[in-house]
Amino acid sequence: MIPDYDFAHIEKKWQSEWEKNRLYHVDLTNTKNKLYCLVMFLYPSGDRLHIGHWYNYAPTDTWARFKKMQGYNIFEPMGYDAFGLPAENYAIKHGVHPATSTNKNIKNIREQLKVMGAMYDWECEIDTSKPEYYKWTQWLFLQLYKNGLAYRKRAAVNWCPSCQTVLANEQVIDGQCERCEAEVTQKDLEQWFFKITDYAEKLLEGHDRIDWPEKTINMQKNWIGKSVGASIQFKVKDSVEIIEVFTTRPDTTFGVTYMVLAPEHPLVEKLTTETHKHVVQDYITQAKKTKEIDRLSTEREKTGVFIGSYCINPVNQETIPIWIADYVLATYGTGAVMAVPAHDQRDFEFAQKYNLPIRQVISANGDILKQELEVAYVEPGIMVNSGGFDGMDSEKGKAKIIKWFQQHNCGGAKVHYKLRDWLISRQRYWGAPIPIIYCKKCGQVPVPEDELPVQLPEQVDFTGRGISPIATAPDFVNTVCHQCGGEARREVDTMDTFVCSSWYFLRYPNAKLADRAFDPDRVNEWLPVDQYVGGAEHAVMHLLYARFMTKVLHDLGYIAFDEPFQKLIHQGTITNAGAKMSKSRGNVVNPDTFIEQYGSDTFRMYMMFMGSYEDGGDWSDEGISGIYRFLKRVWRLVLQVKLAQPAGDETDRFGAVVYQMHYAIKHASQSLERFHFNTAISRIMELVNECYLYLQDIEASAQNSALLAEVMPTIVQLIAPFCPHMAEELWQILEKEYSVFNSNWPDYDETMLERNTINLGVQVNGKIRGQVQVATDASEKDIIELALQQDKVRAYTEGKTIIKSFVVPEKLVVFAVK
């Protein structure tokens with residue numbers, strides 16, 4: 001009698017066995033066939049894994065297991081991006097210290113990851129909130145500081161009044177905080193920045209050397225925003241001040257009829273005349289209340305005010321008025337725009353509203369329009385009304401006029417990037433302290449490396465009042481200057497958690513190293529990461545920052561590579577009833593519920609079967625029960641064949657099962673390689689179905705049974721990456737050498753896929769009643785006639801009327817009778 005599939009017992013048994021035998025421990029000194037497979041580490045904001053975690057981790061683990069069976073030395077570590085705001089907010093609300101809640105969550109999550117059956121090497125686990133980790137995050141800060149890549153300045157920053165902290169530009173989505181969705185405001189604060197702008201060109205250049213989704217690369221390119229153009233200097237009339245602008249259309253300089261400054265531009269206060277101060281100040285106050293996303297909107301009506309001053313257009317010495325308008329931002333470009341209303345629609349609308357001159361300087365055909373423009377002409381053309389440049393092609397004219405700027409010392413060629421420096425200061429407790437002290441005599445003083453880590457104080461007041469809780473710990477704040485021995489105070493802001501994750505992949509291969517952040521020899525052997533998996537939402541945050549930090553460390557001589565992740569894939573999103581899962585919709589799937597009912601193997605496989613991994617899929621309770629039934633069929637099939645103890649020699653190696661086995665190996669392998677898990681599972685299902693067709697033949701010979709006995713180990717190997725616990729149990733039942741994951745992934749024989757005949761199942765009124773062997777090129781008429789000649793089929797068709805008959809190619813012959 002075949003025993004039931006007891007998933008609960010089987011899964012606990014093998015989780016214990018794997019841990020005891022250290023099956024997944026990696027010898028990092030052995031780099032032969034090395035493969036570093038990494039999934040973005042998780043943020044332990046809760047104490048349970050949600051379905052998104054499972055969808056990220058289990059399929060990636062399946063791919064890694066597949067590669068392990070192909071002979072690769074797989075390094076698949078796991079850790080925790082443990083610093084961050086949720087733990088701090090929890091402390092404010094419930095009085096539980098962030099370290100306490102975080103450690104508790106990590107303990108629970110670690111056990112859940114083991115239940116998942118993932119083959120993580122737990123001896124390389126990292127936790128970014130531990131001093132032994134953030135010591136090196138602080139060391140990294142000091143390397144940037146010493147090399148001029150970390151600096152502090154007073155700046156208008158994005159401020160979330162709900163989270164009571166500064167947000168990087170990347171963390172503001174449509175004018176709202178990405179985490180709590182509160183409306184973001186502007187606030188002037190002293191902040192620390194990393195000079196990522198110095199690496200703009202290198203970040204663009206590196207895209208040609210990595211295998212990443214095109215959409216992600218394009219998002220980074222757009223975020224970096226490279227523009228090639230010119231820098232032009234406009235002298236302020238009756239002043240020593242100069243307004244510098246950047247433009248991609250230097251060919252239109254003769255068409256400048258007014259200048260626009262951002263309300264926050266430092267020259268606004270200097271250049272505003274006495275009679276205009278009141279209206280200008282009112283406008284600036286109003287602009288501060290407007291979201292940046294709204295200020296940049298092309299749909300929004302343009303507003304502005306004249307400040308009373310003028311500047312001189314260098315190409316024609318024309319005096320033009322200076323305005324301020326909120327559609328210009330101080331943080332984009334130079335914070336000043338030369339307005340060419342005839343050839344820029346935004347400038348055109350502004351000029352029309354305020355009755356400012358509109359002068360055509362580019363013509364489609366070289367003719368000057370006699371009538372007024374109805375819209376701005378923004379295409380290239382022939383330069384007109386442009387002095388000595390008249391009649392010149394505008395594209396060629398760009399280079400000519402830039403040369404003129406250079407000759408007259410009023411500008412020149414320039415490349416501009418939209419990318420802004422990375423703001424890393426956070427007014428939070430639960431983060432890595434910035435290793436800087438402030439001395440009245442010495443100024444900014446970096447903490448000596450041998451005094452790291454600067455540890456977080458434990459006794460702080462979680463007030464949520466908008467200052468860092470660290471500022472409430474006087475024993476931490478008050479210190480001694482390392483240079484002069486005088487009184488000093490520590491920096492009380494902490495670093496953006498993206499700093500912690502910008503280098504964590506370097507720590508895994510030497511997670512317990514005490515005297516260095518990483519061993520250069522070890523990381524140079526194992527990195528860059530061969531396969532990285534994670535969400536596309538990190539395109540212009542973590543993925544960009546990690547590339548920046550890797551390039552910095554490369555340039556400083558610490559590592560030999562300058563890209564962190566050679567290959568990247570993004571997982572899709574799982575929906576429920578067609579909608580995104582959320583507590584408010586009541587459609588959140590709790591993995592624990594289904595694991596208790598069906599086991600983690602079933603849960604793993606169903607997530608990979610419901611749709612394309614990169615697109616995601618829609619959850620279905622019926623779907624997971626179908627996968628559970630399939631696994632039980634596999635269980636029964638293997639045990640039924642094993643218990644039969646067949647004898648005899650194999651005969652027809654071109655039989656349907658052998659063909660289907662080699663077909664499944666070939667196509668499942670190809671699909672797994674590309675993370676196409678659902679199609680790989682389909683091929684395995686077809687093989688299992690073909691085996692059952694043989695078993696349903698009560699006259700099956702010992703030879704056929706022997707053939708099945710040889711196929712069984714292959715089936716177990718094919719399901720192993722998806723269902724590791726069941727596969728390990730079946731491998732043991734088949735009396736194979738431990739472990740199935742130390743066995744070689746099966747090879748297919750291309751000659752076995754060349755066949756002259758195929759076996760088709762014969763279905764009568766919805767039930768399989770036999771099978772028929774036919775030539776691969778047989779006509780449908782011949783196939784139907786042969787099927788009706790089979791004894792088992794005749795028993796259900798003779799003397800009856802055949803209502804319908806047809807052939808499902810390479811699958812079935814179908815009859816409907818009455």
# chains A, B, ... in the order shown; residues from 1 in each chain; ligands from 1
>>> residues_around(residues="A:Asn744", least_positions_apart="4", cutoff="12 Å", atoms="only C-alpha atoms", output="list of chain:residue names")
A:Arg65, A:Phe66, A:Lys67, A:Lys68, A:Met69, A:Gln70, A:Gly71, A:Tyr72, A:Pro713, A:Thr714, A:Val716, A:Gln717, A:Leu718, A:Ala720, A:Glu737, A:Ser739, A:Val740
>>> select_by_dssp(residues="stretch 501-699 of chain A", states="strand (DSSP E)", output="ChimeraX atom specification")
/A:531-533,568-569,573-576,579-580,616-619
>>> residues_around(residues="A:Tyr145", least_positions_apart="5", cutoff="10 Å", atoms="only C-alpha atoms", output="count of residues only")
10
>>> atom_distance(atom1="atom CA of A:Gly611", atom2="atom CA of A:Ser669")
17.6 Å
>>> select_by_dssp(residues="stretch 111-309 of chain A", states="alpha helix (DSSP H)", output="PyMOL selection string")
chain A and resi 111-116+131-146+200-205+214-224+267-271+277-288+292-295
>>> closest_atom_pairs(of="stretch 717-785 of chain A", to="stretch 13-33 of chain A", cutoff="12 Å", atoms="only C-alpha atoms", output="JSON lines")
{"residue": "A:Cys723", "atom": "CA", "partner": "A:Trp14", "partner_atom": "CA", "distance": 11.6}
{"residue": "A:Pro724", "atom": "CA", "partner": "A:Trp14", "partner_atom": "CA", "distance": 8.8}
{"residue": "A:His725", "atom": "CA", "partner": "A:Trp14", "partner_atom": "CA", "distance": 6.0}
{"residue": "A:Met726", "atom": "CA", "partner": "A:Trp14", "partner_atom": "CA", "distance": 8.9}
{"residue": "A:Ala727", "atom": "CA", "partner": "A:Trp14", "partner_atom": "CA", "distance": 10.1}
{"residue": "A:Glu728", "atom": "CA", "partner": "A:Trp14", "partner_atom": "CA", "distance": 7.4}
{"residue": "A:Glu729", "atom": "CA", "partner": "A:Trp14", "partner_atom": "CA", "distance": 7.8}
{"residue": "A:Leu730", "atom": "CA", "partner": "A:Trp14", "partner_atom": "CA", "distance": 11.5}
{"residue": "A:Trp731", "atom": "CA", "partner": "A:Trp14", "partner_atom": "CA", "distance": 11.8}
{"residue": "A:Gln732", "atom": "CA", "partner": "A:Trp14", "partner_atom": "CA", "distance": 10.9}
{"residue": "A:Tyr738", "atom": "CA", "partner": "A:Leu23", "partner_atom": "CA", "distance": 10.0}
{"residue": "A:Ser739", "atom": "CA", "partner": "A:Leu23", "partner_atom": "CA", "distance": 8.4}
{"residue": "A:Val740", "atom": "CA", "partner": "A:Leu23", "partner_atom": "CA", "distance": 10.9}
{"residue": "A:Phe741", "atom": "CA", "partner": "A:Leu23", "partner_atom": "CA", "distance": 8.9}
{"residue": "A:Asn742", "atom": "CA", "partner": "A:Leu23", "partner_atom": "CA", "distance": 9.1}
>>> closest_residue(among="A:Thr751, A:Thr272, A:Thr185, A:Thr60", to="A:Val658", atoms="only C-alpha atoms")
A:Thr751
>>> residues_around(residues="A:Gln571", least_positions_apart="2", cutoff="9 Å", atoms="only C-alpha atoms", output="list in words")
Tyr55, Asn56, Val533, Gly534, Gly535, Ala536, Ile569, Thr573, Ser612, Tyr613, Glu614, Asp615 and Gly616 of chain A
>>> closest_residue(among="A:Asp777, A:Asp618, A:Glu301, A:Asp475", to="A:Arg489", atoms="only C-alpha atoms")
A:Asp475
>>> residues_around(residues="A:Tyr57", least_positions_apart="4", cutoff="10 Å", atoms="only C-alpha atoms", output="list in words")
Leu38, Val39, Met40, Phe41, Leu42, Ile51, Gly52, His53, Asp61, Thr62, Met78, Leu113, Met116, Ala118, Val533, Gly534, Gln571 and Arg604 of chain A
>>> closest_residue(among="A:Ala539, A:Met712, A:Leu693, A:Ile559", to="A:Trp526", atoms="only C-alpha atoms")
A:Ile559
>>> residues_around(residues="A:Ile74", least_positions_apart="2", cutoff="7 Å", atoms="only C-alpha atoms", output="VMD selection string")
chain A and resid 34 to 37 64 68 72 76
>>> residues_around(residues="A:Glu785", least_positions_apart="4", cutoff="12 Å", atoms="only C-alpha atoms", output="ChimeraX atom specification")
/A:762,772-774,778-781,789-790,793-794,805-807,813-815
>>> write_last_selection(atoms="N, CA, C and O atoms", output="PDB file, in the first residue's frame")
ATOM      1  N   VAL A 762      -6.138   7.556 -25.998  1.00  0.00           N
ATOM      2  CA  VAL A 762      -7.445   7.503 -26.656  1.00  0.00           C
ATOM      3  C   VAL A 762      -8.515   7.743 -25.606  1.00  0.00           C
ATOM      4  O   VAL A 762      -8.624   6.994 -24.628  1.00  0.00           O
ATOM      5  N   VAL A 772      -2.656   4.465 -28.620  1.00  0.00           N
ATOM      6  CA  VAL A 772      -2.368   3.939 -29.944  1.00  0.00           C
ATOM      7  C   VAL A 772      -1.049   4.518 -30.418  1.00  0.00           C
ATOM      8  O   VAL A 772      -0.758   5.694 -30.180  1.00  0.00           O
ATOM      9  N   GLN A 773      -0.246   3.670 -31.049  1.00  0.00           N
ATOM     10  CA  GLN A 773       1.019   4.135 -31.616  1.00  0.00           C
ATOM     11  C   GLN A 773       0.804   4.392 -33.093  1.00  0.00           C
ATOM     12  O   GLN A 773       0.306   3.533 -33.825  1.00  0.00           O
ATOM     13  N   VAL A 774       1.188   5.627 -33.526  1.00  0.00           N
ATOM     14  CA  VAL A 774       0.963   6.014 -34.927  1.00  0.00           C
ATOM     15  C   VAL A 774       2.232   6.660 -35.468  1.00  0.00           C
ATOM     16  O   VAL A 774       3.102   7.125 -34.719  1.00  0.00           O
ATOM     17  N   ALA A 778       1.221  10.555 -39.776  1.00  0.00           N
ATOM     18  CA  ALA A 778      -0.078   9.951 -40.092  1.00  0.00           C
ATOM     19  C   ALA A 778      -1.161  11.018 -40.190  1.00  0.00           C
ATOM     20  O   ALA A 778      -1.141  12.012 -39.454  1.00  0.00           O
ATOM     21  N   SER A 779      -2.102  10.812 -41.091  1.00  0.00           N
ATOM     22  CA  SER A 779      -3.212  11.755 -41.241  1.00  0.00           C
ATOM     23  C   SER A 779      -4.204  11.556 -40.101  1.00  0.00           C
ATOM     24  O   SER A 779      -4.200  10.515 -39.428  1.00  0.00           O
ATOM     25  N   GLU A 780      -5.063  12.529 -39.878  1.00  0.00           N
ATOM     26  CA  GLU A 780      -6.065  12.416 -38.817  1.00  0.00           C
ATOM     27  C   GLU A 780      -7.000  11.242 -39.095  1.00  0.00           C
ATOM     28  O   GLU A 780      -7.379  10.504 -38.170  1.00  0.00           O
ATOM     29  N   LYS A 781      -7.333  11.000 -40.367  1.00  0.00           N
ATOM     30  CA  LYS A 781      -8.217   9.881 -40.723  1.00  0.00           C
ATOM     31  C   LYS A 781      -7.589   8.549 -40.352  1.00  0.00           C
ATOM     32  O   LYS A 781      -8.240   7.676 -39.749  1.00  0.00           O
ATOM     33  N   GLN A 789      -9.295   0.429 -33.839  1.00  0.00           N
ATOM     34  CA  GLN A 789      -8.924  -0.983 -33.944  1.00  0.00           C
ATOM     35  C   GLN A 789      -8.352  -1.530 -32.642  1.00  0.00           C
ATOM     36  O   GLN A 789      -8.181  -2.739 -32.500  1.00  0.00           O
ATOM     37  N   GLN A 790      -8.048  -0.654 -31.672  1.00  0.00           N
ATOM     38  CA  GLN A 790      -7.472  -1.099 -30.406  1.00  0.00           C
ATOM     39  C   GLN A 790      -8.536  -1.810 -29.575  1.00  0.00           C
ATOM     40  O   GLN A 790      -9.669  -1.331 -29.442  1.00  0.00           O
ATOM     41  N   VAL A 793     -10.291   0.099 -26.852  1.00  0.00           N
ATOM     42  CA  VAL A 793     -11.149   1.173 -27.357  1.00  0.00           C
ATOM     43  C   VAL A 793     -12.425   0.584 -27.946  1.00  0.00           C
ATOM     44  O   VAL A 793     -13.529   1.122 -27.748  1.00  0.00           O
ATOM     45  N   ARG A 794     -12.287  -0.587 -28.641  1.00  0.00           N
ATOM     46  CA  ARG A 794     -13.466  -1.214 -29.242  1.00  0.00           C
ATOM     47  C   ARG A 794     -14.510  -1.558 -28.189  1.00  0.00           C
ATOM     48  O   ARG A 794     -15.714  -1.502 -28.450  1.00  0.00           O
ATOM     49  N   SER A 805     -15.387  12.804 -33.493  1.00  0.00           N
ATOM     50  CA  SER A 805     -14.037  12.262 -33.335  1.00  0.00           C
ATOM     51  C   SER A 805     -13.040  13.275 -33.887  1.00  0.00           C
ATOM     52  O   SER A 805     -13.287  13.871 -34.933  1.00  0.00           O
ATOM     53  N   PHE A 806     -11.964  13.462 -33.151  1.00  0.00           N
ATOM     54  CA  PHE A 806     -10.914  14.387 -33.621  1.00  0.00           C
ATOM     55  C   PHE A 806      -9.612  14.060 -32.893  1.00  0.00           C
ATOM     56  O   PHE A 806      -9.594  13.309 -31.907  1.00  0.00           O
ATOM     57  N   VAL A 807      -8.528  14.645 -33.392  1.00  0.00           N
ATOM     58  CA  VAL A 807      -7.200  14.405 -32.837  1.00  0.00           C
ATOM     59  C   VAL A 807      -6.641  15.707 -32.262  1.00  0.00           C
ATOM     60  O   VAL A 807      -6.665  16.745 -32.929  1.00  0.00           O
ATOM     61  N   VAL A 813      -6.497  11.112 -29.039  1.00  0.00           N
ATOM     62  CA  VAL A 813      -7.559  10.857 -30.008  1.00  0.00           C
ATOM     63  C   VAL A 813      -8.846  10.882 -29.200  1.00  0.00           C
ATOM     64  O   VAL A 813      -8.963  10.173 -28.193  1.00  0.00           O
ATOM     65  N   VAL A 814      -9.791  11.693 -29.600  1.00  0.00           N
ATOM     66  CA  VAL A 814     -10.991  11.919 -28.795  1.00  0.00           C
ATOM     67  C   VAL A 814     -12.226  11.408 -29.529  1.00  0.00           C
ATOM     68  O   VAL A 814     -12.432  11.735 -30.714  1.00  0.00           O
ATOM     69  N   PHE A 815     -13.039  10.611 -28.802  1.00  0.00           N
ATOM     70  CA  PHE A 815     -14.318  10.127 -29.337  1.00  0.00           C
ATOM     71  C   PHE A 815     -15.442  10.516 -28.396  1.00  0.00           C
ATOM     72  O   PHE A 815     -15.280  10.463 -27.164  1.00  0.00           O
TER      73      PHE A 815
END
>>> atom_distance(atom1="atom CA of A:Val280", atom2="atom CA of A:Thr298")
22.9 Å
>>> closest_residue(among="A:Asp461, A:Asp601, A:Asp367, A:Asp47", to="A:Asn105", atoms="only C-alpha atoms")
A:Asp47
>>> closest_atom_pairs(of="stretch 183-237 of chain A", to="stretch 420-430 of chain A", cutoff="12 Å", atoms="only C-alpha atoms", output="CSV")
residue,atom,partner,partner_atom,distance
A:Leu189,CA,A:Ser425,CA,9.8
A:Glu190,CA,A:Ser425,CA,8.8
A:Gln191,CA,A:Ser425,CA,5.6
A:Trp192,CA,A:Ser425,CA,5.3
A:Phe193,CA,A:Leu423,CA,4.4
A:Phe194,CA,A:Trp422,CA,5.0
A:Lys195,CA,A:Asp421,CA,5.1
A:Ile196,CA,A:Asp421,CA,5.2
A:Thr197,CA,A:Asp421,CA,5.5
A:Asp198,CA,A:Asp421,CA,8.6
A:Tyr199,CA,A:Asp421,CA,10.0
A:Ala200,CA,A:Arg420,CA,9.4
A:Trp223,CA,A:Arg420,CA,9.3
A:Ile224,CA,A:Arg420,CA,8.2
A:Gly225,CA,A:Arg420,CA,10.0
A:Lys226,CA,A:Arg420,CA,11.7
>>> closest_residue(among="A:Lys398, A:Lys215, A:Lys187, A:His9", to="A:Trp159", atoms="only C-alpha atoms")
A:Lys187
>>> closest_atom_pairs(of="stretch 305-422 of chain A", to="stretch 238-253 of chain A", cutoff="6 Å", atoms="only C-alpha atoms", output="tab-separated table")
residue	atom	partner	partner_atom	distance
A:Thr334	CA	A:Val245	CA	5.8
A:Ala336	CA	A:Val245	CA	5.5
A:Val337	CA	A:Val245	CA	5.9
A:Ser394	CA	A:Asp251	CA	5.9
A:Gly397	CA	A:Asp251	CA	5.8
A:Lys398	CA	A:Asp251	CA	4.9
>>> write_last_selection(atoms="all heavy atoms", output="compact mmCIF listing (two decimals), in the first residue's frame")
# COMPACT_ATOMS: atom_id res chain seq x y z
N THR A 334 21.12 75.45 -13.42
CA THR A 334 21.69 76.56 -12.65
C THR A 334 20.63 77.31 -11.87
O THR A 334 20.95 78.29 -11.18
CB THR A 334 22.40 77.53 -13.60
OG1 THR A 334 21.42 78.12 -14.48
CG2 THR A 334 23.47 76.84 -14.43
N ALA A 336 18.40 79.01 -13.33
CA ALA A 336 18.06 80.15 -14.20
C ALA A 336 17.79 79.63 -15.60
O ALA A 336 18.44 78.69 -16.07
CB ALA A 336 19.20 81.16 -14.22
N VAL A 337 16.82 80.25 -16.28
CA VAL A 337 16.45 79.83 -17.63
C VAL A 337 16.40 81.06 -18.53
O VAL A 337 15.77 82.07 -18.20
CB VAL A 337 15.06 79.15 -17.63
CG1 VAL A 337 14.57 78.94 -19.06
CG2 VAL A 337 15.12 77.83 -16.89
N SER A 394 20.41 75.16 -38.07
CA SER A 394 20.45 75.38 -36.62
C SER A 394 21.29 74.34 -35.88
O SER A 394 21.92 74.65 -34.86
CB SER A 394 19.03 75.41 -36.04
OG SER A 394 18.38 74.17 -36.23
N GLY A 397 24.65 75.36 -36.42
CA GLY A 397 24.78 76.65 -35.76
C GLY A 397 25.09 76.53 -34.28
O GLY A 397 25.71 77.43 -33.69
N LYS A 398 24.66 75.43 -33.66
CA LYS A 398 24.95 75.24 -32.23
C LYS A 398 26.45 75.27 -31.97
O LYS A 398 26.94 75.96 -31.07
CB LYS A 398 24.37 73.90 -31.75
CG LYS A 398 22.85 73.87 -31.66
CD LYS A 398 22.38 72.50 -31.19
CE LYS A 398 20.86 72.46 -31.09
NZ LYS A 398 20.37 71.13 -30.65
